[in-house]
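File shown: work.cif. Contents: mmCIF, N, CA and C atoms.
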data_input
loop_
_atom_site.label_atom_id
_atom_site.label_comp_id
_atom_site.auth_asym_id
_atom_site.auth_seq_id
_atom_site.Cartn_x
_atom_site.Cartn_y
_atom_site.Cartn_z
N MET A 30 0.84 -1.18 0.00
CA MET A 30 0.00 0.00 0.00
C MET A 30 0.89 1.25 0.00
N ILE A 31 0.57 2.18 -0.88
CA ILE A 31 1.30 3.44 -0.97
C ILE A 31 0.58 4.47 -0.10
N LYS A 32 1.30 5.03 0.85
CA LYS A 32 0.71 5.98 1.79
C LYS A 32 1.22 7.39 1.49
N ILE A 33 0.26 8.28 1.21
CA ILE A 33 0.58 9.66 0.83
C ILE A 33 -0.09 10.62 1.79
N LEU A 34 0.69 11.57 2.29
CA LEU A 34 0.17 12.64 3.14
C LEU A 34 0.42 13.97 2.43
N PHE A 35 -0.68 14.67 2.08
CA PHE A 35 -0.58 16.00 1.49
C PHE A 35 -0.59 17.02 2.62
N VAL A 36 0.29 18.02 2.51
CA VAL A 36 0.45 18.98 3.61
C VAL A 36 0.47 20.41 3.09
N CYS A 37 -0.26 21.28 3.79
CA CYS A 37 -0.18 22.72 3.54
C CYS A 37 -0.21 23.43 4.89
N HIS A 38 -0.36 24.73 4.88
CA HIS A 38 -0.28 25.48 6.13
C HIS A 38 -1.41 25.15 7.10
N GLY A 39 -2.66 25.24 6.64
CA GLY A 39 -3.80 25.09 7.55
C GLY A 39 -4.62 23.84 7.38
N ASN A 40 -4.44 23.11 6.28
CA ASN A 40 -5.17 21.88 5.99
C ASN A 40 -6.66 22.12 5.77
N ILE A 41 -6.97 23.27 5.17
CA ILE A 41 -8.37 23.53 4.82
C ILE A 41 -8.53 23.90 3.35
N CYS A 42 -7.45 24.23 2.66
CA CYS A 42 -7.53 24.62 1.24
C CYS A 42 -6.78 23.63 0.35
N ARG A 43 -5.47 23.82 0.22
CA ARG A 43 -4.69 23.06 -0.76
C ARG A 43 -4.54 21.58 -0.44
N SER A 44 -4.13 21.25 0.77
CA SER A 44 -3.88 19.83 1.07
C SER A 44 -5.17 19.03 1.07
N THR A 45 -6.26 19.64 1.54
CA THR A 45 -7.56 18.96 1.50
C THR A 45 -8.02 18.78 0.06
N MET A 46 -7.78 19.79 -0.78
CA MET A 46 -8.12 19.68 -2.19
C MET A 46 -7.29 18.56 -2.82
N ALA A 47 -6.01 18.51 -2.53
CA ALA A 47 -5.14 17.47 -3.09
C ALA A 47 -5.56 16.08 -2.63
N GLU A 48 -5.93 15.96 -1.36
CA GLU A 48 -6.41 14.67 -0.84
C GLU A 48 -7.65 14.21 -1.62
N SER A 49 -8.58 15.12 -1.84
CA SER A 49 -9.81 14.78 -2.56
C SER A 49 -9.53 14.46 -4.03
N VAL A 50 -8.69 15.26 -4.68
CA VAL A 50 -8.37 15.05 -6.09
C VAL A 50 -7.65 13.72 -6.28
N MET A 51 -6.65 13.46 -5.47
CA MET A 51 -5.89 12.21 -5.60
C MET A 51 -6.77 11.00 -5.29
N THR A 52 -7.60 11.10 -4.28
CA THR A 52 -8.52 10.01 -3.94
C THR A 52 -9.45 9.71 -5.12
N TYR A 53 -9.94 10.77 -5.75
CA TYR A 53 -10.82 10.63 -6.91
C TYR A 53 -10.08 9.96 -8.07
N MET A 54 -8.87 10.43 -8.35
CA MET A 54 -8.09 9.86 -9.46
C MET A 54 -7.80 8.38 -9.23
N VAL A 55 -7.44 8.04 -8.03
CA VAL A 55 -7.13 6.65 -7.68
C VAL A 55 -8.38 5.78 -7.84
N ARG A 56 -9.52 6.27 -7.37
CA ARG A 56 -10.77 5.51 -7.52
C ARG A 56 -11.15 5.34 -8.98
N GLU A 57 -10.97 6.39 -9.78
CA GLU A 57 -11.30 6.32 -11.20
C GLU A 57 -10.47 5.25 -11.91
N LYS A 58 -9.26 5.00 -11.42
CA LYS A 58 -8.39 3.98 -12.02
C LYS A 58 -8.55 2.61 -11.35
N GLY A 59 -9.44 2.53 -10.35
CA GLY A 59 -9.67 1.26 -9.65
C GLY A 59 -8.51 0.86 -8.76
N LEU A 60 -7.77 1.85 -8.26
CA LEU A 60 -6.57 1.57 -7.47
C LEU A 60 -6.75 1.86 -5.98
N GLN A 61 -7.99 2.07 -5.53
CA GLN A 61 -8.21 2.51 -4.15
C GLN A 61 -7.64 1.55 -3.11
N ASP A 62 -7.53 0.26 -3.43
CA ASP A 62 -6.97 -0.70 -2.49
C ASP A 62 -5.45 -0.62 -2.38
N ARG A 63 -4.84 0.15 -3.27
CA ARG A 63 -3.38 0.25 -3.29
C ARG A 63 -2.85 1.52 -2.65
N PHE A 64 -3.78 2.41 -2.21
CA PHE A 64 -3.39 3.71 -1.68
C PHE A 64 -4.07 4.02 -0.36
N HIS A 65 -3.35 4.72 0.47
CA HIS A 65 -3.91 5.38 1.66
C HIS A 65 -3.53 6.85 1.50
N ILE A 66 -4.54 7.72 1.43
CA ILE A 66 -4.31 9.14 1.16
C ILE A 66 -4.94 9.96 2.28
N PHE A 67 -4.19 10.92 2.79
CA PHE A 67 -4.68 11.77 3.87
C PHE A 67 -4.04 13.14 3.72
N SER A 68 -4.44 14.09 4.56
CA SER A 68 -3.83 15.41 4.51
C SER A 68 -3.69 15.98 5.91
N ALA A 69 -2.80 16.97 6.04
CA ALA A 69 -2.51 17.58 7.34
C ALA A 69 -1.96 18.98 7.14
N ALA A 70 -1.80 19.68 8.25
CA ALA A 70 -1.29 21.05 8.26
C ALA A 70 0.07 21.10 8.93
N THR A 71 0.79 22.17 8.65
CA THR A 71 2.02 22.42 9.40
C THR A 71 1.73 23.26 10.64
N SER A 72 0.57 23.89 10.69
CA SER A 72 0.21 24.74 11.83
C SER A 72 -0.98 24.15 12.58
N ARG A 73 -1.30 24.76 13.70
CA ARG A 73 -2.47 24.34 14.49
C ARG A 73 -3.64 25.30 14.32
N GLU A 74 -3.46 26.33 13.51
CA GLU A 74 -4.44 27.41 13.41
C GLU A 74 -5.85 26.94 13.07
N GLU A 75 -5.98 25.96 12.20
CA GLU A 75 -7.30 25.54 11.72
C GLU A 75 -7.72 24.17 12.27
N THR A 76 -6.99 23.63 13.23
CA THR A 76 -7.27 22.30 13.75
C THR A 76 -8.76 22.14 14.08
N GLY A 77 -9.33 21.07 13.53
CA GLY A 77 -10.74 20.76 13.77
C GLY A 77 -11.70 21.40 12.79
N ASN A 78 -11.22 22.33 11.98
CA ASN A 78 -12.10 23.02 11.04
C ASN A 78 -12.30 22.21 9.77
N PRO A 79 -13.47 22.37 9.12
CA PRO A 79 -13.73 21.69 7.86
C PRO A 79 -13.00 22.39 6.72
N PRO A 80 -13.01 21.79 5.53
CA PRO A 80 -12.39 22.43 4.38
C PRO A 80 -13.00 23.80 4.08
N HIS A 81 -12.18 24.69 3.54
CA HIS A 81 -12.60 26.04 3.16
C HIS A 81 -13.71 25.95 2.11
N HIS A 82 -14.67 26.86 2.19
CA HIS A 82 -15.79 26.84 1.25
C HIS A 82 -15.33 26.98 -0.21
N GLY A 83 -14.22 27.66 -0.45
CA GLY A 83 -13.68 27.77 -1.81
C GLY A 83 -13.22 26.43 -2.34
N THR A 84 -12.61 25.62 -1.49
CA THR A 84 -12.19 24.27 -1.87
C THR A 84 -13.42 23.41 -2.14
N VAL A 85 -14.38 23.47 -1.24
CA VAL A 85 -15.61 22.69 -1.38
C VAL A 85 -16.31 23.05 -2.70
N ASN A 86 -16.44 24.34 -2.96
CA ASN A 86 -17.13 24.80 -4.18
C ASN A 86 -16.39 24.38 -5.45
N LYS A 87 -15.06 24.50 -5.45
CA LYS A 87 -14.28 24.14 -6.64
C LYS A 87 -14.37 22.64 -6.92
N LEU A 88 -14.26 21.84 -5.88
CA LEU A 88 -14.38 20.40 -6.07
C LEU A 88 -15.77 20.03 -6.59
N ARG A 89 -16.80 20.65 -6.04
CA ARG A 89 -18.17 20.40 -6.49
C ARG A 89 -18.31 20.78 -7.97
N GLN A 90 -17.75 21.93 -8.33
CA GLN A 90 -17.80 22.40 -9.72
C GLN A 90 -17.14 21.40 -10.67
N MET A 91 -16.08 20.75 -10.20
CA MET A 91 -15.33 19.81 -11.03
C MET A 91 -15.89 18.38 -10.95
N GLY A 92 -16.92 18.18 -10.14
CA GLY A 92 -17.51 16.85 -10.01
C GLY A 92 -16.67 15.87 -9.21
N ILE A 93 -15.83 16.41 -8.32
CA ILE A 93 -14.96 15.58 -7.50
C ILE A 93 -15.50 15.58 -6.07
N PRO A 94 -15.81 14.39 -5.52
CA PRO A 94 -16.33 14.33 -4.16
C PRO A 94 -15.30 14.82 -3.14
N LEU A 95 -15.79 15.59 -2.20
CA LEU A 95 -14.95 16.06 -1.10
C LEU A 95 -14.76 14.91 -0.12
N VAL A 96 -13.52 14.60 0.20
CA VAL A 96 -13.24 13.60 1.22
C VAL A 96 -13.60 14.23 2.57
N PRO A 97 -14.46 13.59 3.36
CA PRO A 97 -14.79 14.16 4.68
C PRO A 97 -13.52 14.37 5.49
N HIS A 98 -13.35 15.55 6.03
CA HIS A 98 -12.08 15.87 6.68
C HIS A 98 -12.23 17.02 7.67
N ARG A 99 -11.48 16.97 8.72
CA ARG A 99 -11.30 18.06 9.67
C ARG A 99 -9.79 18.28 9.78
N ALA A 100 -9.38 19.53 9.81
CA ALA A 100 -7.95 19.86 9.81
C ALA A 100 -7.23 19.24 11.01
N VAL A 101 -6.06 18.68 10.72
CA VAL A 101 -5.17 18.12 11.73
C VAL A 101 -3.75 18.61 11.44
N GLN A 102 -2.90 18.56 12.45
CA GLN A 102 -1.52 18.95 12.25
C GLN A 102 -0.65 17.72 12.00
N MET A 103 0.29 17.87 11.09
CA MET A 103 1.29 16.84 10.83
C MET A 103 2.09 16.60 12.11
N THR A 104 2.47 15.34 12.33
CA THR A 104 3.29 15.00 13.49
C THR A 104 4.59 14.32 13.04
N LYS A 105 5.51 14.22 13.94
CA LYS A 105 6.77 13.54 13.65
C LYS A 105 6.52 12.08 13.28
N ARG A 106 5.52 11.47 13.91
CA ARG A 106 5.18 10.07 13.64
C ARG A 106 4.71 9.87 12.18
N ASP A 107 4.09 10.91 11.61
CA ASP A 107 3.64 10.81 10.21
C ASP A 107 4.80 10.47 9.28
N TYR A 108 5.99 10.95 9.61
CA TYR A 108 7.15 10.67 8.76
C TYR A 108 7.39 9.16 8.68
N GLU A 109 7.19 8.48 9.77
CA GLU A 109 7.39 7.03 9.80
C GLU A 109 6.25 6.29 9.10
N GLU A 110 5.05 6.82 9.19
CA GLU A 110 3.87 6.12 8.69
C GLU A 110 3.61 6.29 7.20
N TYR A 111 4.07 7.38 6.60
CA TYR A 111 3.77 7.66 5.20
C TYR A 111 4.99 7.46 4.31
N ASP A 112 4.73 7.04 3.08
CA ASP A 112 5.80 6.86 2.09
C ASP A 112 6.18 8.18 1.44
N TYR A 113 5.18 9.05 1.26
CA TYR A 113 5.37 10.35 0.63
C TYR A 113 4.66 11.40 1.47
N LEU A 114 5.39 12.46 1.82
CA LEU A 114 4.82 13.61 2.51
C LEU A 114 4.98 14.77 1.54
N ILE A 115 3.86 15.23 0.99
CA ILE A 115 3.87 16.15 -0.14
C ILE A 115 3.38 17.52 0.27
N GLY A 116 4.29 18.50 0.24
CA GLY A 116 3.95 19.88 0.56
C GLY A 116 3.57 20.66 -0.68
N MET A 117 2.94 21.81 -0.44
CA MET A 117 2.45 22.63 -1.54
C MET A 117 3.41 23.76 -1.93
N ASP A 118 4.25 24.20 -0.99
CA ASP A 118 5.18 25.29 -1.28
C ASP A 118 6.44 25.16 -0.42
N GLU A 119 7.41 26.01 -0.69
CA GLU A 119 8.69 25.96 0.02
C GLU A 119 8.52 26.17 1.52
N TRP A 120 7.60 27.05 1.89
CA TRP A 120 7.36 27.31 3.32
C TRP A 120 6.84 26.05 4.00
N ASN A 121 5.93 25.33 3.33
CA ASN A 121 5.44 24.06 3.87
C ASN A 121 6.59 23.08 4.05
N ILE A 122 7.45 22.99 3.05
CA ILE A 122 8.57 22.04 3.11
C ILE A 122 9.46 22.36 4.31
N ARG A 123 9.80 23.62 4.51
CA ARG A 123 10.63 23.99 5.67
C ARG A 123 9.96 23.58 6.98
N ASN A 124 8.66 23.84 7.09
CA ASN A 124 7.95 23.49 8.32
C ASN A 124 7.80 21.98 8.48
N MET A 125 7.62 21.27 7.39
CA MET A 125 7.54 19.81 7.45
C MET A 125 8.86 19.21 7.93
N LEU A 126 9.96 19.76 7.44
CA LEU A 126 11.28 19.29 7.89
C LEU A 126 11.49 19.60 9.36
N ARG A 127 10.99 20.74 9.81
CA ARG A 127 11.08 21.10 11.23
C ARG A 127 10.30 20.09 12.07
N ILE A 128 9.10 19.74 11.63
CA ILE A 128 8.26 18.79 12.37
C ILE A 128 8.88 17.40 12.34
N ALA A 129 9.33 16.95 11.18
CA ALA A 129 9.90 15.60 11.05
C ALA A 129 11.27 15.49 11.72
N GLY A 130 11.97 16.59 11.83
CA GLY A 130 13.30 16.58 12.41
C GLY A 130 14.38 16.46 11.35
N LYS A 131 14.12 15.66 10.33
CA LYS A 131 15.04 15.48 9.22
C LYS A 131 14.32 14.63 8.17
N ASP A 132 14.95 14.41 7.04
CA ASP A 132 14.35 13.64 5.96
C ASP A 132 15.36 12.66 5.37
N PRO A 133 15.83 11.69 6.17
CA PRO A 133 16.87 10.79 5.68
C PRO A 133 16.40 9.89 4.53
N GLU A 134 15.09 9.64 4.43
CA GLU A 134 14.57 8.77 3.38
C GLU A 134 14.06 9.56 2.17
N HIS A 135 14.23 10.85 2.20
CA HIS A 135 13.82 11.74 1.09
C HIS A 135 12.34 11.54 0.73
N LYS A 136 11.50 11.52 1.76
CA LYS A 136 10.07 11.35 1.58
C LYS A 136 9.34 12.67 1.39
N ILE A 137 9.95 13.76 1.82
CA ILE A 137 9.31 15.08 1.79
C ILE A 137 9.61 15.75 0.45
N LYS A 138 8.54 16.05 -0.28
CA LYS A 138 8.70 16.67 -1.60
C LYS A 138 7.58 17.69 -1.81
N LYS A 139 7.83 18.59 -2.73
CA LYS A 139 6.80 19.54 -3.15
C LYS A 139 6.00 18.89 -4.27
N LEU A 140 4.67 19.07 -4.28
CA LEU A 140 3.82 18.38 -5.25
C LEU A 140 4.25 18.64 -6.69
N LEU A 141 4.57 19.86 -7.02
CA LEU A 141 4.89 20.15 -8.42
C LEU A 141 6.30 19.71 -8.81
N GLU A 142 7.08 19.15 -7.88
CA GLU A 142 8.36 18.54 -8.23
C GLU A 142 8.16 17.34 -9.15
N PHE A 143 6.96 16.75 -9.13
CA PHE A 143 6.69 15.59 -9.97
C PHE A 143 6.33 16.00 -11.40
N THR A 144 6.22 17.31 -11.65
CA THR A 144 5.96 17.85 -12.99
C THR A 144 7.27 18.37 -13.56
N ASP A 145 7.20 19.10 -14.64
CA ASP A 145 8.39 19.71 -15.22
C ASP A 145 8.78 20.99 -14.49
N SER A 146 8.06 21.32 -13.43
CA SER A 146 8.31 22.55 -12.69
C SER A 146 8.38 22.23 -11.20
N SER A 147 9.11 23.02 -10.48
CA SER A 147 9.12 22.85 -9.03
C SER A 147 8.52 24.08 -8.35
N ARG A 148 7.66 24.80 -9.10
CA ARG A 148 7.06 26.01 -8.54
C ARG A 148 6.14 25.69 -7.37
N ASP A 149 5.84 26.70 -6.60
CA ASP A 149 4.91 26.57 -5.48
C ASP A 149 3.48 26.58 -5.98
N ILE A 150 2.59 25.94 -5.23
CA ILE A 150 1.16 26.05 -5.49
C ILE A 150 0.67 27.20 -4.61
N ALA A 151 0.14 28.23 -5.26
CA ALA A 151 -0.31 29.42 -4.54
C ALA A 151 -1.43 29.07 -3.55
N ASP A 152 -1.40 29.73 -2.40
CA ASP A 152 -2.39 29.50 -1.37
C ASP A 152 -3.64 30.34 -1.65
N PRO A 153 -4.77 29.70 -1.96
CA PRO A 153 -5.98 30.46 -2.28
C PRO A 153 -6.57 31.18 -1.07
N TRP A 154 -6.11 30.84 0.11
CA TRP A 154 -6.52 31.59 1.30
C TRP A 154 -6.15 33.06 1.13
N TYR A 155 -5.01 33.29 0.49
CA TYR A 155 -4.51 34.65 0.26
C TYR A 155 -4.88 35.18 -1.12
N THR A 156 -4.83 34.30 -2.14
CA THR A 156 -5.08 34.77 -3.50
C THR A 156 -6.56 34.82 -3.85
N GLY A 157 -7.35 33.96 -3.22
CA GLY A 157 -8.77 33.86 -3.54
C GLY A 157 -9.02 33.10 -4.83
N ASP A 158 -7.97 32.61 -5.48
CA ASP A 158 -8.10 31.96 -6.78
C ASP A 158 -8.00 30.44 -6.63
N PHE A 159 -9.14 29.81 -6.44
CA PHE A 159 -9.19 28.36 -6.28
C PHE A 159 -9.07 27.64 -7.62
N ASP A 160 -9.30 28.36 -8.73
CA ASP A 160 -9.18 27.76 -10.06
C ASP A 160 -7.73 27.41 -10.38
N ILE A 161 -6.84 28.37 -10.19
CA ILE A 161 -5.41 28.14 -10.45
C ILE A 161 -4.87 27.07 -9.50
N THR A 162 -5.27 27.14 -8.24
CA THR A 162 -4.83 26.15 -7.26
C THR A 162 -5.28 24.76 -7.69
N PHE A 163 -6.53 24.64 -8.11
CA PHE A 163 -7.03 23.34 -8.57
C PHE A 163 -6.22 22.84 -9.77
N ASP A 164 -6.00 23.69 -10.75
CA ASP A 164 -5.24 23.28 -11.94
C ASP A 164 -3.86 22.76 -11.57
N ASP A 165 -3.17 23.47 -10.66
CA ASP A 165 -1.84 23.05 -10.23
C ASP A 165 -1.90 21.72 -9.48
N ILE A 166 -2.89 21.57 -8.61
CA ILE A 166 -3.02 20.33 -7.84
C ILE A 166 -3.35 19.16 -8.76
N GLU A 167 -4.25 19.38 -9.70
CA GLU A 167 -4.59 18.32 -10.66
C GLU A 167 -3.35 17.90 -11.45
N GLU A 168 -2.59 18.88 -11.93
CA GLU A 168 -1.35 18.59 -12.67
C GLU A 168 -0.36 17.81 -11.80
N GLY A 169 -0.20 18.24 -10.56
CA GLY A 169 0.72 17.57 -9.65
C GLY A 169 0.29 16.15 -9.31
N CYS A 170 -0.99 15.94 -9.07
CA CYS A 170 -1.48 14.60 -8.74
C CYS A 170 -1.35 13.66 -9.93
N GLU A 171 -1.64 14.14 -11.14
CA GLU A 171 -1.45 13.32 -12.34
C GLU A 171 0.01 12.92 -12.49
N ALA A 172 0.91 13.88 -12.27
CA ALA A 172 2.34 13.60 -12.39
C ALA A 172 2.81 12.65 -11.31
N LEU A 173 2.28 12.77 -10.10
CA LEU A 173 2.63 11.87 -9.02
C LEU A 173 2.18 10.44 -9.35
N LEU A 174 0.98 10.30 -9.85
CA LEU A 174 0.51 8.96 -10.24
C LEU A 174 1.40 8.37 -11.33
N LYS A 175 1.78 9.18 -12.30
CA LYS A 175 2.67 8.70 -13.36
C LYS A 175 4.02 8.30 -12.78
N TYR A 176 4.56 9.12 -11.86
CA TYR A 176 5.82 8.80 -11.18
C TYR A 176 5.75 7.45 -10.47
N LEU A 177 4.57 7.19 -9.88
CA LEU A 177 4.38 5.95 -9.14
C LEU A 177 4.08 4.75 -10.05
N GLY A 178 3.99 5.00 -11.35
CA GLY A 178 3.80 3.93 -12.31
C GLY A 178 2.36 3.65 -12.67
N PHE A 179 1.49 4.62 -12.40
CA PHE A 179 0.07 4.43 -12.71
C PHE A 179 -0.34 5.47 -13.73
#
So that I can check it, write out the structure of this file as structure tokens.
Amino acid sequence: MIKILFVCHGNICRSTMAESVMTYMVREKGLQDRFHIFSAATSREETGNPPHHGTVNKLRQMGIPLVPHRAVQMTKRDYEEYDYLIGMDEWNIRNMLRIAGKDPEHKIKKLLEFTDSSRDIADPWYTGDFDITFDDIEEGCEALLKYLGF
């Protein structure tokens, strides 16, 4: 089983969107038994909160079911439990490394590293643009699946 943890700052916008998109893609390919997908935050600010309404609306618009979720913070133990810990931007990566302590197995990566670009995925909490965020996440998840051989 391939275990993937998507991570962003608050776990209500980007990482929750990535969790839902990747879960949908995996189900569409009939691979749900081969994956465990979850998401978390680097901060505690939104702990317990549901996904942002912009994420919910964008996923609904795209016909992708929202994975039921409440924001949680990434823990050091997550590093041991997951095969891939995928951040959305450089700031997330720095905070993920701080939480994990180190990355000797090179499990921590930025989502768009699996594409031809290593750019950050903009945080729609600040930009208000859930369309661009969705496009980047969809591109990253497709590339991640291809990287994994699917």
Checklist entry - So how many Å separate CA of Arg43 in chain A and CA of Asp165 in chain A, to one decimal? => result 9.9 Å
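CA of Gly178 in chain A is found 27.2 Å from CA of Asn40 in chain A.
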Next on the checklist: the PyMOL selection byres (((chain A and resi 36 and name CA) around 9) and name CA) - which residues does that actually catch in the file I just gave you? List them as a VMD selection string.
Outcome noted: chain A and resid 34 to 35 37 to 40 43 to 45 47 67 to 71 102 to 103 114 to 117 121 to 122 125
Output file for the residues above (N, CA and C atoms, as a compact mmCIF listing (two decimals), in the coordinates of the input):
# COMPACT_ATOMS: atom_id res chain seq x y z
N LEU A 34 0.69 11.57 2.29
CA LEU A 34 0.17 12.64 3.14
C LEU A 34 0.42 13.97 2.43
N PHE A 35 -0.68 14.67 2.08
CA PHE A 35 -0.58 16.00 1.49
C PHE A 35 -0.59 17.02 2.62
N CYS A 37 -0.26 21.28 3.79
CA CYS A 37 -0.18 22.72 3.54
C CYS A 37 -0.21 23.43 4.89
N HIS A 38 -0.36 24.73 4.88
CA HIS A 38 -0.28 25.48 6.13
C HIS A 38 -1.41 25.15 7.10
N GLY A 39 -2.66 25.24 6.64
CA GLY A 39 -3.80 25.09 7.55
C GLY A 39 -4.62 23.84 7.38
N ASN A 40 -4.44 23.11 6.28
CA ASN A 40 -5.17 21.88 5.99
C ASN A 40 -6.66 22.12 5.77
N ARG A 43 -5.47 23.82 0.22
CA ARG A 43 -4.69 23.06 -0.76
C ARG A 43 -4.54 21.58 -0.44
N SER A 44 -4.13 21.25 0.77
CA SER A 44 -3.88 19.83 1.07
C SER A 44 -5.17 19.03 1.07
N THR A 45 -6.26 19.64 1.54
CA THR A 45 -7.56 18.96 1.50
C THR A 45 -8.02 18.78 0.06
N ALA A 47 -6.01 18.51 -2.53
CA ALA A 47 -5.14 17.47 -3.09
C ALA A 47 -5.56 16.08 -2.63
N PHE A 67 -4.19 10.92 2.79
CA PHE A 67 -4.68 11.77 3.87
C PHE A 67 -4.04 13.14 3.72
N SER A 68 -4.44 14.09 4.56
CA SER A 68 -3.83 15.41 4.51
C SER A 68 -3.69 15.98 5.91
N ALA A 69 -2.80 16.97 6.04
CA ALA A 69 -2.51 17.58 7.34
C ALA A 69 -1.96 18.98 7.14
N ALA A 70 -1.80 19.68 8.25
CA ALA A 70 -1.29 21.05 8.26
C ALA A 70 0.07 21.10 8.93
N THR A 71 0.79 22.17 8.65
CA THR A 71 2.02 22.42 9.40
C THR A 71 1.73 23.26 10.64
N GLN A 102 -2.90 18.56 12.45
CA GLN A 102 -1.52 18.95 12.25
C GLN A 102 -0.65 17.72 12.00
N MET A 103 0.29 17.87 11.09
CA MET A 103 1.29 16.84 10.83
C MET A 103 2.09 16.60 12.11
N LEU A 114 5.39 12.46 1.82
CA LEU A 114 4.82 13.61 2.51
C LEU A 114 4.98 14.77 1.54
N ILE A 115 3.86 15.23 0.99
CA ILE A 115 3.87 16.15 -0.14
C ILE A 115 3.38 17.52 0.27
N GLY A 116 4.29 18.50 0.24
CA GLY A 116 3.95 19.88 0.56
C GLY A 116 3.57 20.66 -0.68
N MET A 117 2.94 21.81 -0.44
CA MET A 117 2.45 22.63 -1.54
C MET A 117 3.41 23.76 -1.93
N ASN A 121 5.93 25.33 3.33
CA ASN A 121 5.44 24.06 3.87
C ASN A 121 6.59 23.08 4.05
N ILE A 122 7.45 22.99 3.05
CA ILE A 122 8.57 22.04 3.11
C ILE A 122 9.46 22.36 4.31
N MET A 125 7.62 21.27 7.39
CA MET A 125 7.54 19.81 7.45
C MET A 125 8.86 19.21 7.93
Item to check | Residues matched by the PyMOL selection byres ((chain A and resi 80-93) around 6.5), written as number ranges by chain | outcome: A: 40-42, 46, 49, 53, 78-79, 94-95, 98-100, 159
Residues just named, written with N, CA and C atoms as a compact mmCIF listing (two decimals), in the frame of the given file:
# COMPACT_ATOMS: atom_id res chain seq x y z
N ASN A 40 -4.44 23.11 6.28
CA ASN A 40 -5.17 21.88 5.99
C ASN A 40 -6.66 22.12 5.77
N ILE A 41 -6.97 23.27 5.17
CA ILE A 41 -8.37 23.53 4.82
C ILE A 41 -8.53 23.90 3.35
N CYS A 42 -7.45 24.23 2.66
CA CYS A 42 -7.53 24.62 1.24
C CYS A 42 -6.78 23.63 0.35
N MET A 46 -7.78 19.79 -0.78
CA MET A 46 -8.12 19.68 -2.19
C MET A 46 -7.29 18.56 -2.82
N SER A 49 -8.58 15.12 -1.84
CA SER A 49 -9.81 14.78 -2.56
C SER A 49 -9.53 14.46 -4.03
N TYR A 53 -9.94 10.77 -5.75
CA TYR A 53 -10.82 10.63 -6.91
C TYR A 53 -10.08 9.96 -8.07
N ASN A 78 -11.22 22.33 11.98
CA ASN A 78 -12.10 23.02 11.04
C ASN A 78 -12.30 22.21 9.77
N PRO A 79 -13.47 22.37 9.12
CA PRO A 79 -13.73 21.69 7.86
C PRO A 79 -13.00 22.39 6.72
N PRO A 94 -15.81 14.39 -5.52
CA PRO A 94 -16.33 14.33 -4.16
C PRO A 94 -15.30 14.82 -3.14
N LEU A 95 -15.79 15.59 -2.20
CA LEU A 95 -14.95 16.06 -1.10
C LEU A 95 -14.76 14.91 -0.12
N HIS A 98 -13.35 15.55 6.03
CA HIS A 98 -12.08 15.87 6.68
C HIS A 98 -12.23 17.02 7.67
N ARG A 99 -11.48 16.97 8.72
CA ARG A 99 -11.30 18.06 9.67
C ARG A 99 -9.79 18.28 9.78
N ALA A 100 -9.38 19.53 9.81
CA ALA A 100 -7.95 19.86 9.81
C ALA A 100 -7.23 19.24 11.01
N PHE A 159 -9.14 29.81 -6.44
CA PHE A 159 -9.19 28.36 -6.28
C PHE A 159 -9.07 27.64 -7.62
Next on the checklist: Considering only alpha helix (DSSP H) as DSSP defines it on the backbone, what residues of chain A qualify? List them as a PyMOL selection string.
Outcome noted: chain A and resi 43-57+82-91+105-110+119-129+153-156+159-176
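The residues returned by the PyMOL selection byres ((chain A and resi 31) around 5) on the shown structure are Met30, Lys32, Ile33, Arg63, Phe64 and His65 of chain A.
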Item to check | Sphere at (0.4, 17.2, -10.7), radius 12 Å, counting only C-alpha atoms: residues as an NGL selection string | outcome: :A and (47 or 50-51 or 54 or 115 or 117 or 139-150 or 162-176)
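All residues in chain A with a DSSP state of strand (DSSP E or B), computed from the backbone, read A:Ile31, A:Lys32, A:Ile33, A:Leu34, A:Phe35, A:Val36, A:Cys37, A:Phe64, A:His65, A:Ile66, A:Phe67, A:Ser68, A:Ala69, A:Ala70, A:Gln102, A:Tyr113, A:Leu114, A:Ile115, A:Gly116, A:Ile137, A:Lys138, A:Lys139.
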Once 3 Å is added on each side, what centre and edge lengths in Å to one decimal does the axis-aligned box around all listed atoms of range 59-64 of chain A have, as lines of an AutoDock Vina configuration file?
center_x = -6.3
center_y = 1.7
center_z = -5.4
size_x = 12.8
size_y = 10.7
size_z = 16.0
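Reported to one decimal place, the separation of CA of Lys105 in chain A from CA of Arg127 in chain A is 9.0 Å.
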Checklist entry - With distances taken over all atoms listed in the file, which of A:Asp118, A:Leu60, A:Gly77, A:Leu177 is nearest to Ala151 in chain A? => result A:Asp118
